[in-house]
Number of protein chains: 2
Amino acid sequence: MATRFSELHDPHPRHARVSACRACPFGFDCLPGAMDDADLAELADVIEHAPPAHAGTHLFRQGDEFQYIAVVRLGTVKTYSVDREGREHTLGFHMPGDMIGLDAIDQERHPCSAIALDTVMLCRLPFRAIAELAARRPTLQHKLFRLMSRDIVRAAQLSGNHAAEERLAAFLLGLADRLGARGFSSTRCQLAMSRMEIASYLRLAPETLSRLLRRFQAEGLVTVEGRDVELRERARLQAMASPLLQC
Amino acid sequence: MATRFSELHDPHPRHARVSACRACPFGFDCLPGAMDDADLAELADVIEHAPPAHAGTHLFRQGDEFQYIAVVRLGTVKTYSVDREGREHTLGFHMPGDMIGLDAIDQERHPCSAIALDTVMLCRLPFRAIAELAARRPTLQHKLFRLMSRDIVRAAQLSGNHAAEERLAAFLLGLADRLGARGFSSTRCQLAMSRMEIASYLRLAPETLSRLLRRFQAEGLVTVEGRDVELRERARLQAMASPLLQC
DNA sequence: CGGAAAGTTGAGTGGGATCAAGCCGCGTGG
DNA sequence: CCACGCGGCTTGATCCCACTCAACTTTCCG
């Protein structure tokens, strides 16, 4: 049976990696090897463990003062912004190991809101403390630079001019790969987000997404049943998504 | 007569700001006040001044090894990526003071190419040296974090689901504001980029862009003649672009 | 159960793409 | 000097993908 990835606990009970805090089964953003034990020991002093947030709870809101970088420990977080017309734009979905809030450094205010899609646990890293620590720890500083750099690339990829089916294929594969990197199945999962949220992320109307998914299923690319998704033909999906890659 | 912004020289001959190098009339990305003289003195030791590049010259190419962050000193640079279908996606236009290459930190390869749209002068900042310097200079480190954060926000704004006319209005205003911040006219300019490049940036067909510009002109919003653009009704343009703001 | 929200499906529309000429500025060479 | 060609840009005609509107079904929760 499909597993709702956001409800799973540590998939690596036996080979737990060194991580930012004992409760995090993953390193920051799943980048391996860039953080050493000494960094982690010092990080432990400034990390705050936020209480669990249940689905629908805001972790921060657009316009809030920026104080913390957050690392998802458990669950799935959606970031989104609301424009002046009141339309919501989904910016991303974040799973354990992902950092959120890096976009708030410049203005010292969050340019987007973050909401828990299911039960979410977070670490909060006070930015001042992290920056100060990064100055003393080159590996940590470099890690932060890399994470921010990565966010730039990701946002740029999303902003490209690609057909709906290309974006959907890339989304499904990206999701699966990220799950795979976290030790879950990279072919089957249960989505934490609604159709509307996916549609908004992909710049599609919900109806269009529904039809696209149906077509993908008819073509044997995926099996979709509600929020359960199974990738059946990775190769063909990759072929569809390829225009989006090598950006 | 309209002034081609990219061919202008220092617009602040009398009140030249402290800047990263004597030849740069602007600080990094025009962020004021975040760099002190001591930082600049140390920066001067690692900065390399690249020879002028004329229009059409590549400053780096997608896939190139990442070594330098570049700061535009003069002229206009376009960054773009080519996907596997061979389609070109314009990522941004960069003018004096702008930093390029921050997206290459993560993979240590440039995810995009950069090309001079006219005569371009660059500073190159060896990333290793800058990172090392940033560790000793909190204001520099913070500046780098802010610049990267800003790039994330910008890319995210571009990736939003907005109508063509909203994106065009935002583009024109953004361009004008950036020129204004650099001391040029914020109502009249001569574009350094072609229609095709603008269209690619805005995810439009060149034909659609042409028609849109024509419509804007018919409505009295702008005056367009070839590459000369004049903003005539800032307020209405802002109203059109507003859905895109407050992201 | 019942009501509301989410999701799907169908019909029709429209915004922007595509295809195809034509125009214009400009450099080149006869 | 003009003829020519080329590329950038515009304009027109047509097409199609994705949106909108509307109805229906399913799921979720109280």
# chains A, B, ... in the order shown; residues from 1 in each chain; ligands from 1
call {"tool": "interface_residues", "arguments": {"of": "chain D", "to": "chain B", "cutoff": "9 Å", "atoms": "only C-alpha atoms (C1' of nucleotides)", "output": "list in words"}}
result
DG8, DC9, DT10 and DT11 of chain D
call {"tool": "write_last_selection", "arguments": {"atoms": "C-alpha atoms (C1' of nucleotides)", "output": "PDB file, in the first residue's frame"}}
result
ATOM      1  C1'  DG D   8      14.770  42.083 -36.789  1.00  0.00           C
ATOM      2  C1'  DC D   9      10.293  43.566 -36.365  1.00  0.00           C
ATOM      3  C1'  DT D  10       5.478  44.025 -37.444  1.00  0.00           C
ATOM      4  C1'  DT D  11       1.011  42.704 -39.161  1.00  0.00           C
TER       5       DT D  11
END
call {"tool": "interface_residues", "arguments": {"of": "chain A", "to": "chain B", "cutoff": "9 Å", "atoms": "only C-alpha atoms", "output": "ChimeraX atom specification"}}
result
/A:62,80-87,89-91,102-107,111-112,131-132,134-138,141-162,200-204,242-247
call {"tool": "closest_atom_pairs", "arguments": {"of": "chain C", "to": "chain B", "cutoff": "10 Å", "atoms": "only C-alpha atoms (C1' of nucleotides)", "output": "JSON lines"}}
result
{"residue": "C:DG15", "atom": "C1'", "partner": "B:Ala163", "partner_atom": "CA", "distance": 9.0}
{"residue": "C:DG16", "atom": "C1'", "partner": "B:Thr208", "partner_atom": "CA", "distance": 6.8}
{"residue": "C:DA17", "atom": "C1'", "partner": "B:Ala205", "partner_atom": "CA", "distance": 6.8}
{"residue": "C:DT18", "atom": "C1'", "partner": "B:Ala205", "partner_atom": "CA", "distance": 9.2}
call {"tool": "write_last_selection", "arguments": {"atoms": "C-alpha atoms (C1' of nucleotides)", "output": "compact mmCIF listing (two decimals), in the first residue's frame"}}
result
# COMPACT_ATOMS: atom_id res chain seq x y z
C1' DG C 15 -5.41 34.43 -25.06
C1' DG C 16 -1.46 33.67 -26.92
C1' DA C 17 1.04 30.62 -30.36
C1' DT C 18 1.90 29.49 -34.98
call {"tool": "calpha_fit_and_write", "arguments": {"fixed": "chain A", "moving": "chain B", "output": "JSON list (two decimals) with C-alpha atoms, in the first residue's frame"}}
result
[["chain", "number", "residue", "atom", "x", "y", "z"],
["B", 1, "MET", "CA", -0.09, 0.00, 0.07],
["B", 2, "ALA", "CA", 0.98, 3.49, -0.68],
["B", 3, "THR", "CA", 2.71, 5.40, 2.03],
["B", 4, "ARG", "CA", 1.95, 8.99, 2.79],
["B", 5, "PHE", "CA", 5.50, 10.25, 2.80],
["B", 6, "SER", "CA", 4.80, 13.11, 5.09],
["B", 7, "GLU", "CA", 3.60, 10.83, 7.83],
["B", 8, "LEU", "CA", 6.58, 8.55, 7.80],
["B", 9, "HIS", "CA", 9.23, 8.63, 10.41],
["B", 10, "ASP", "CA", 12.92, 8.00, 10.06],
["B", 11, "PRO", "CA", 13.39, 5.66, 7.10],
["B", 12, "HIS", "CA", 17.01, 5.05, 8.09],
["B", 13, "PRO", "CA", 16.75, 3.75, 11.60],
["B", 14, "ARG", "CA", 19.88, 1.67, 11.15],
["B", 15, "HIS", "CA", 22.15, 4.02, 9.31],
["B", 16, "ALA", "CA", 21.12, 7.33, 10.74],
["B", 17, "ARG", "CA", 23.29, 10.06, 9.26],
["B", 18, "VAL", "CA", 24.98, 12.79, 11.14],
["B", 19, "SER", "CA", 22.44, 15.56, 11.04],
["B", 20, "ALA", "CA", 21.75, 19.04, 12.23],
["B", 21, "CYS", "CA", 19.96, 17.84, 15.28],
["B", 22, "ARG", "CA", 19.28, 14.40, 16.66],
["B", 23, "ALA", "CA", 15.64, 14.62, 15.71],
["B", 24, "CYS", "CA", 16.42, 15.34, 12.06],
["B", 25, "PRO", "CA", 16.98, 12.17, 10.09],
["B", 26, "PHE", "CA", 18.32, 14.22, 7.22],
["B", 27, "GLY", "CA", 21.02, 16.80, 6.83],
["B", 28, "PHE", "CA", 20.15, 20.24, 5.53],
["B", 29, "ASP", "CA", 18.48, 19.81, 2.19],
["B", 30, "CYS", "CA", 20.00, 16.39, 1.85],
["B", 31, "LEU", "CA", 23.31, 17.75, 0.69],
["B", 32, "PRO", "CA", 25.72, 15.06, 1.73],
["B", 33, "GLY", "CA", 29.07, 15.53, 3.31],
["B", 34, "ALA", "CA", 29.26, 19.27, 3.56],
["B", 35, "MET", "CA", 28.79, 19.54, 7.28],
["B", 36, "ASP", "CA", 31.26, 18.20, 9.78],
["B", 37, "ASP", "CA", 30.68, 17.14, 13.34],
["B", 38, "ALA", "CA", 32.22, 20.24, 14.82],
["B", 39, "ASP", "CA", 29.79, 22.41, 12.88],
["B", 40, "LEU", "CA", 26.92, 20.33, 14.09],
["B", 41, "ALA", "CA", 27.97, 20.55, 17.69],
["B", 42, "GLU", "CA", 27.96, 24.33, 17.50],
["B", 43, "LEU", "CA", 24.74, 24.39, 15.55],
["B", 44, "ALA", "CA", 23.07, 22.41, 18.27],
["B", 45, "ASP", "CA", 23.52, 25.34, 20.62],
["B", 46, "VAL", "CA", 21.48, 27.74, 18.53],
["B", 47, "ILE", "CA", 18.86, 25.46, 17.03],
["B", 48, "GLU", "CA", 15.37, 25.73, 18.40],
["B", 49, "HIS", "CA", 12.91, 22.90, 18.03],
["B", 50, "ALA", "CA", 9.49, 24.26, 17.25],
["B", 51, "PRO", "CA", 6.45, 22.46, 18.60],
["B", 52, "PRO", "CA", 4.57, 20.33, 16.06],
["B", 53, "ALA", "CA", 2.23, 22.22, 13.76],
["B", 54, "HIS", "CA", -0.82, 20.49, 12.42],
["B", 55, "ALA", "CA", -2.24, 20.73, 8.92],
["B", 56, "GLY", "CA", -3.43, 24.20, 8.02],
["B", 57, "THR", "CA", -1.25, 26.01, 10.52],
["B", 58, "HIS", "CA", 0.85, 28.89, 9.25],
["B", 59, "LEU", "CA", 4.54, 28.68, 10.10],
["B", 60, "PHE", "CA", 5.01, 32.27, 9.07],
["B", 61, "ARG", "CA", 3.13, 34.74, 6.94],
["B", 62, "GLN", "CA", 4.00, 37.01, 4.09],
["B", 63, "GLY", "CA", 5.23, 40.27, 5.59],
["B", 64, "ASP", "CA", 6.28, 38.76, 8.89],
["B", 65, "GLU", "CA", 9.56, 39.93, 10.30],
["B", 66, "PHE", "CA", 12.38, 37.59, 9.37],
["B", 67, "GLN", "CA", 14.20, 36.03, 12.28],
["B", 68, "TYR", "CA", 14.64, 32.36, 11.59],
["B", 69, "ILE", "CA", 15.64, 30.04, 8.84],
["B", 70, "ALA", "CA", 13.54, 26.92, 9.22],
["B", 71, "VAL", "CA", 14.44, 23.33, 8.44],
["B", 72, "VAL", "CA", 11.64, 20.88, 7.91],
["B", 73, "ARG", "CA", 12.07, 17.83, 10.11],
["B", 74, "LEU", "CA", 8.81, 16.05, 9.45],
["B", 75, "GLY", "CA", 5.86, 16.62, 7.19],
["B", 76, "THR", "CA", 5.34, 18.84, 4.18],
["B", 77, "VAL", "CA", 5.28, 22.61, 4.00],
["B", 78, "LYS", "CA", 3.86, 24.70, 1.21],
["B", 79, "THR", "CA", 5.18, 28.19, 0.56],
["B", 80, "TYR", "CA", 2.99, 30.58, -1.36],
["B", 81, "SER", "CA", 2.45, 34.25, -1.95],
["B", 82, "VAL", "CA", -0.71, 36.23, -2.46],
["B", 83, "ASP", "CA", -0.65, 39.03, -4.98],
["B", 84, "ARG", "CA", -2.62, 42.26, -4.86],
["B", 85, "GLU", "CA", -5.46, 40.72, -6.79],
["B", 86, "GLY", "CA", -5.72, 38.14, -4.04],
["B", 87, "ARG", "CA", -4.53, 35.32, -6.25],
["B", 88, "GLU", "CA", -2.42, 32.69, -4.60],
["B", 89, "HIS", "CA", 0.83, 31.51, -6.16],
["B", 90, "THR", "CA", 2.33, 28.33, -4.83],
["B", 91, "LEU", "CA", 6.10, 28.70, -4.71],
["B", 92, "GLY", "CA", 7.15, 25.30, -3.51],
["B", 93, "PHE", "CA", 6.65, 22.18, -1.45],
["B", 94, "HIS", "CA", 9.22, 21.43, 1.19],
["B", 95, "MET", "CA", 9.94, 18.13, 2.82],
["B", 96, "PRO", "CA", 12.25, 16.93, 5.57],
["B", 97, "GLY", "CA", 15.72, 18.36, 5.22],
["B", 98, "ASP", "CA", 14.59, 21.36, 3.17],
["B", 99, "MET", "CA", 15.34, 24.87, 4.35],
["B", 100, "ILE", "CA", 12.76, 27.59, 4.08],
["B", 101, "GLY", "CA", 12.99, 31.31, 4.59],
["B", 102, "LEU", "CA", 16.18, 32.04, 2.65],
["B", 103, "ASP", "CA", 14.19, 34.39, 0.44],
["B", 104, "ALA", "CA", 13.48, 36.62, 3.44],
["B", 105, "ILE", "CA", 17.07, 37.63, 4.14],
["B", 106, "ASP", "CA", 17.15, 40.55, 1.77],
["B", 107, "GLN", "CA", 14.10, 42.47, 2.93],
["B", 108, "GLU", "CA", 14.16, 41.13, 6.46],
["B", 109, "ARG", "CA", 10.52, 40.25, 5.91],
["B", 110, "HIS", "CA", 9.07, 37.04, 4.56],
["B", 111, "PRO", "CA", 8.02, 37.54, 0.93],
["B", 112, "CYS", "CA", 5.81, 34.48, 1.16],
["B", 113, "SER", "CA", 3.73, 32.51, 3.61],
["B", 114, "ALA", "CA", 4.43, 28.97, 4.76],
["B", 115, "ILE", "CA", 1.69, 26.57, 5.76],
["B", 116, "ALA", "CA", 1.78, 23.01, 7.05],
["B", 117, "LEU", "CA", 0.08, 20.55, 4.71],
["B", 118, "ASP", "CA", 0.06, 17.89, 7.40],
["B", 119, "THR", "CA", 1.70, 17.48, 10.77],
["B", 120, "VAL", "CA", 4.97, 19.35, 10.54],
["B", 121, "MET", "CA", 7.98, 19.56, 12.80],
["B", 122, "LEU", "CA", 10.51, 22.32, 12.27],
["B", 123, "CYS", "CA", 13.89, 23.40, 13.52],
["B", 124, "ARG", "CA", 14.38, 27.13, 13.70],
["B", 125, "LEU", "CA", 17.82, 28.57, 13.15],
["B", 126, "PRO", "CA", 18.09, 32.18, 14.32],
["B", 127, "PHE", "CA", 19.59, 33.83, 11.30],
["B", 128, "ARG", "CA", 21.91, 36.13, 13.21],
["B", 129, "ALA", "CA", 23.40, 33.24, 15.10],
["B", 130, "ILE", "CA", 23.73, 31.15, 11.97],
["B", 131, "ALA", "CA", 25.41, 33.94, 10.06],
["B", 132, "GLU", "CA", 27.79, 34.54, 12.91],
["B", 133, "LEU", "CA", 28.53, 30.83, 13.12],
["B", 134, "ALA", "CA", 28.99, 30.63, 9.36],
["B", 135, "ALA", "CA", 31.70, 33.24, 9.57],
["B", 136, "ARG", "CA", 33.67, 30.94, 11.85],
["B", 137, "ARG", "CA", 32.81, 27.72, 10.02],
["B", 138, "PRO", "CA", 33.73, 27.77, 6.34],
["B", 139, "THR", "CA", 31.92, 24.53, 5.63],
["B", 140, "LEU", "CA", 28.71, 25.90, 7.08],
["B", 141, "GLN", "CA", 29.07, 29.14, 5.18],
["B", 142, "HIS", "CA", 29.64, 27.25, 1.99],
["B", 143, "LYS", "CA", 26.63, 25.07, 2.67],
["B", 144, "LEU", "CA", 24.43, 28.12, 3.08],
["B", 145, "PHE", "CA", 25.75, 29.62, -0.14],
["B", 146, "ARG", "CA", 25.06, 26.35, -1.92],
["B", 147, "LEU", "CA", 21.53, 26.09, -0.57],
["B", 148, "MET", "CA", 20.69, 29.61, -1.67],
["B", 149, "SER", "CA", 22.30, 29.05, -5.03],
["B", 150, "ARG", "CA", 20.18, 25.96, -5.44],
["B", 151, "ASP", "CA", 17.01, 27.87, -4.67],
["B", 152, "ILE", "CA", 17.87, 30.37, -7.37],
["B", 153, "VAL", "CA", 18.30, 27.60, -9.92],
["B", 154, "ARG", "CA", 15.08, 25.89, -8.90],
["B", 155, "ALA", "CA", 13.07, 29.08, -9.12],
["B", 156, "ALA", "CA", 14.58, 29.84, -12.51],
["B", 157, "GLN", "CA", 13.66, 26.41, -13.83],
["B", 158, "LEU", "CA", 10.09, 26.91, -12.77],
["B", 159, "SER", "CA", 9.97, 30.25, -14.51],
["B", 160, "GLY", "CA", 10.87, 28.78, -17.88],
["B", 161, "ASN", "CA", 8.46, 28.64, -20.77],
["B", 162, "HIS", "CA", 7.44, 25.01, -20.93],
["B", 163, "ALA", "CA", 4.31, 23.18, -21.96],
["B", 164, "ALA", "CA", 1.95, 22.01, -19.26],
["B", 165, "GLU", "CA", 2.76, 18.34, -19.75],
["B", 166, "GLU", "CA", 6.49, 19.03, -19.49],
["B", 167, "ARG", "CA", 6.03, 20.86, -16.22],
["B", 168, "LEU", "CA", 3.80, 18.13, -14.83],
["B", 169, "ALA", "CA", 6.22, 15.37, -15.79],
["B", 170, "ALA", "CA", 9.09, 17.31, -14.22],
["B", 171, "PHE", "CA", 7.05, 17.91, -11.09],
["B", 172, "LEU", "CA", 6.22, 14.24, -10.64],
["B", 173, "LEU", "CA", 9.77, 13.15, -11.27],
["B", 174, "GLY", "CA", 11.17, 15.84, -9.01],
["B", 175, "LEU", "CA", 8.88, 14.77, -6.22],
["B", 176, "ALA", "CA", 9.78, 11.12, -6.67],
["B", 177, "ASP", "CA", 13.49, 11.87, -6.76],
["B", 178, "ARG", "CA", 13.32, 13.92, -3.61],
["B", 179, "LEU", "CA", 11.46, 11.13, -1.89],
["B", 180, "GLY", "CA", 14.00, 8.65, -3.17],
["B", 181, "ALA", "CA", 16.84, 10.79, -1.82],
["B", 182, "ARG", "CA", 15.16, 10.60, 1.57],
["B", 183, "GLY", "CA", 14.96, 6.83, 1.51],
["B", 184, "PHE", "CA", 11.33, 6.46, 0.50],
["B", 185, "SER", "CA", 10.02, 4.79, -2.58],
["B", 186, "SER", "CA", 10.74, 6.83, -5.66],
["B", 187, "THR", "CA", 7.87, 5.31, -7.59],
["B", 188, "ARG", "CA", 4.92, 5.37, -5.24],
["B", 189, "CYS", "CA", 3.73, 8.02, -2.84],
["B", 190, "GLN", "CA", 0.73, 9.72, -1.43],
["B", 191, "LEU", "CA", 0.67, 13.41, -2.11],
["B", 192, "ALA", "CA", 0.40, 15.79, 0.79],
["B", 193, "MET", "CA", -0.95, 18.59, -1.40],
["B", 194, "SER", "CA", -4.28, 19.10, -3.08],
["B", 195, "ARG", "CA", -4.89, 19.32, -6.81],
["B", 196, "MET", "CA", -5.45, 23.03, -6.52],
["B", 197, "GLU", "CA", -2.09, 23.49, -4.86],
["B", 198, "ILE", "CA", -0.29, 21.47, -7.50],
["B", 199, "ALA", "CA", -2.14, 23.35, -10.23],
["B", 200, "SER", "CA", -1.16, 26.68, -8.73],
["B", 201, "TYR", "CA", 2.44, 25.55, -8.50],
["B", 202, "LEU", "CA", 2.44, 24.50, -12.15],
["B", 203, "ARG", "CA", 0.57, 27.60, -13.37],
["B", 204, "LEU", "CA", -2.41, 25.53, -14.44],
["B", 205, "ALA", "CA", -6.11, 25.60, -13.81],
["B", 206, "PRO", "CA", -7.19, 22.71, -11.58],
["B", 207, "GLU", "CA", -9.32, 21.40, -14.43],
["B", 208, "THR", "CA", -6.35, 21.29, -16.76],
["B", 209, "LEU", "CA", -4.28, 19.44, -14.20],
["B", 210, "SER", "CA", -7.04, 16.91, -13.74],
["B", 211, "ARG", "CA", -7.28, 16.29, -17.47],
["B", 212, "LEU", "CA", -3.52, 16.04, -17.81],
["B", 213, "LEU", "CA", -3.26, 13.48, -15.02],
["B", 214, "ARG", "CA", -6.00, 11.51, -16.62],
["B", 215, "ARG", "CA", -4.19, 11.58, -19.93],
["B", 216, "PHE", "CA", -0.93, 10.52, -18.30],
["B", 217, "GLN", "CA", -2.77, 7.59, -16.80],
["B", 218, "ALA", "CA", -4.43, 6.67, -20.09],
["B", 219, "GLU", "CA", -0.98, 6.62, -21.67],
["B", 220, "GLY", "CA", 0.30, 4.32, -18.96],
["B", 221, "LEU", "CA", 2.78, 6.84, -17.56],
["B", 222, "VAL", "CA", 1.33, 6.91, -14.08],
["B", 223, "THR", "CA", -1.38, 5.45, -11.94],
["B", 224, "VAL", "CA", -3.35, 8.03, -10.07],
["B", 225, "GLU", "CA", -6.02, 7.42, -7.53],
["B", 226, "GLY", "CA", -6.90, 10.43, -5.47],
["B", 227, "ARG", "CA", -3.68, 11.41, -3.80],
["B", 228, "ASP", "CA", -1.95, 8.11, -4.44],
["B", 229, "VAL", "CA", 0.46, 8.35, -7.32],
["B", 230, "GLU", "CA", 2.60, 5.68, -8.86],
["B", 231, "LEU", "CA", 5.14, 6.36, -11.58],
["B", 232, "ARG", "CA", 4.93, 3.54, -14.09],
["B", 233, "GLU", "CA", 7.15, 4.67, -16.94],
["B", 234, "ARG", "CA", 9.99, 6.69, -15.59],
["B", 235, "ALA", "CA", 11.84, 6.73, -18.88],
["B", 236, "ARG", "CA", 8.99, 8.25, -20.84],
["B", 237, "LEU", "CA", 8.28, 10.72, -18.09],
["B", 238, "GLN", "CA", 11.89, 11.76, -18.18],
["B", 239, "ALA", "CA", 11.70, 12.17, -21.93],
["B", 240, "MET", "CA", 8.70, 14.45, -21.49],
["B", 241, "ALA", "CA", 10.37, 16.45, -18.75],
["B", 242, "SER", "CA", 13.71, 16.69, -20.48],
["B", 243, "PRO", "CA", 13.08, 20.06, -22.13],
["B", 244, "LEU", "CA", 12.96, 21.42, -18.64],
["B", 245, "LEU", "CA", 16.24, 19.96, -17.56],
["B", 246, "GLN", "CA", 19.77, 21.03, -18.32],
["B", 247, "CYS", "CA", 18.60, 24.55, -17.64]]
call {"tool": "residues_around", "arguments": {"residues": "DA20 (chain C)", "least_positions_apart": "2", "cutoff": "10 Å", "atoms": "only C-alpha atoms (C1' of nucleotides)", "output": "PyMOL selection string"}}
result
(chain C and resi 18+22) or (chain D and resi 12-13)
call {"tool": "select_by_dssp", "arguments": {"residues": "region 105-239 of chain B", "states": "helix (DSSP H, G or I)", "output": "PyMOL selection string"}}
result
chain B and resi 127-136+138-158+164-181+195-201+206-218+234-239
call {"tool": "residues_around", "arguments": {"residues": "DC24 (chain D)", "least_positions_apart": "4", "cutoff": "12 Å", "atoms": "only C-alpha atoms (C1' of nucleotides)", "output": "ChimeraX atom specification"}}
result
/C:7-10
call {"tool": "atom_distance", "arguments": {"atom1": "C1' of DG2 (chain C)", "atom2": "C1' of DT27 (chain D)"}}
result
13.2 Å
call {"tool": "residues_around", "arguments": {"residues": "DC4 (chain D)", "least_positions_apart": "2", "cutoff": "10 Å", "atoms": "only C-alpha atoms (C1' of nucleotides)", "output": "PyMOL selection string"}}
result
(chain C and resi 28-30) or (chain D and resi 2+6)
call {"tool": "write_last_selection", "arguments": {"atoms": "N, CA and C atoms (P, O5', C5', C4', C3', O3' and C1' of nucleotides)", "output": "compact mmCIF listing (two decimals), in the first residue's frame"}}
result
# COMPACT_ATOMS: atom_id res chain seq x y z
P DT C 28 29.44 44.94 -43.81
O5' DT C 28 29.31 43.71 -44.83
C5' DT C 28 28.02 43.38 -45.31
C4' DT C 28 28.10 42.96 -46.76
C3' DT C 28 29.41 43.27 -47.46
O3' DT C 28 29.84 42.13 -48.21
C1' DT C 28 27.61 44.27 -48.63
P DG C 29 31.22 42.13 -48.87
O5' DG C 29 30.82 42.11 -50.41
C5' DG C 29 29.65 41.39 -50.83
C4' DG C 29 29.24 41.86 -52.21
C3' DG C 29 30.42 42.15 -53.14
O3' DG C 29 30.10 41.71 -54.45
C1' DG C 29 29.08 44.06 -52.96
P DG C 30 31.17 41.49 -55.49
O5' DG C 30 30.43 41.90 -56.84
C5' DG C 30 29.08 41.51 -57.05
C4' DG C 30 28.37 42.56 -57.88
C3' DG C 30 29.17 43.00 -59.12
O3' DG C 30 28.31 43.06 -60.24
C1' DG C 30 28.57 44.88 -57.80
P DC D 2 20.65 55.98 -56.04
O5' DC D 2 20.53 54.46 -56.46
C5' DC D 2 20.66 54.08 -57.83
C4' DC D 2 20.85 52.57 -57.92
C3' DC D 2 19.69 51.76 -57.33
O3' DC D 2 19.39 50.70 -58.23
C1' DC D 2 21.70 51.09 -56.32
P DC D 6 20.53 35.78 -48.05
O5' DC D 6 20.72 36.12 -46.52
C5' DC D 6 21.76 37.01 -46.09
C4' DC D 6 21.28 37.78 -44.89
C3' DC D 6 20.29 37.00 -44.02
O3' DC D 6 20.84 36.85 -42.72
C1' DC D 6 19.57 39.24 -44.38
call {"tool": "select_by_dssp", "arguments": {"residues": "region 15-208 of chain A", "states": "strand (DSSP E or B)", "output": "PyMOL selection string"}}
result
chain A and resi 48-49+53+58-60+65+68-74+77-82+88-94+99-100+109+113-116+120-126+188-190
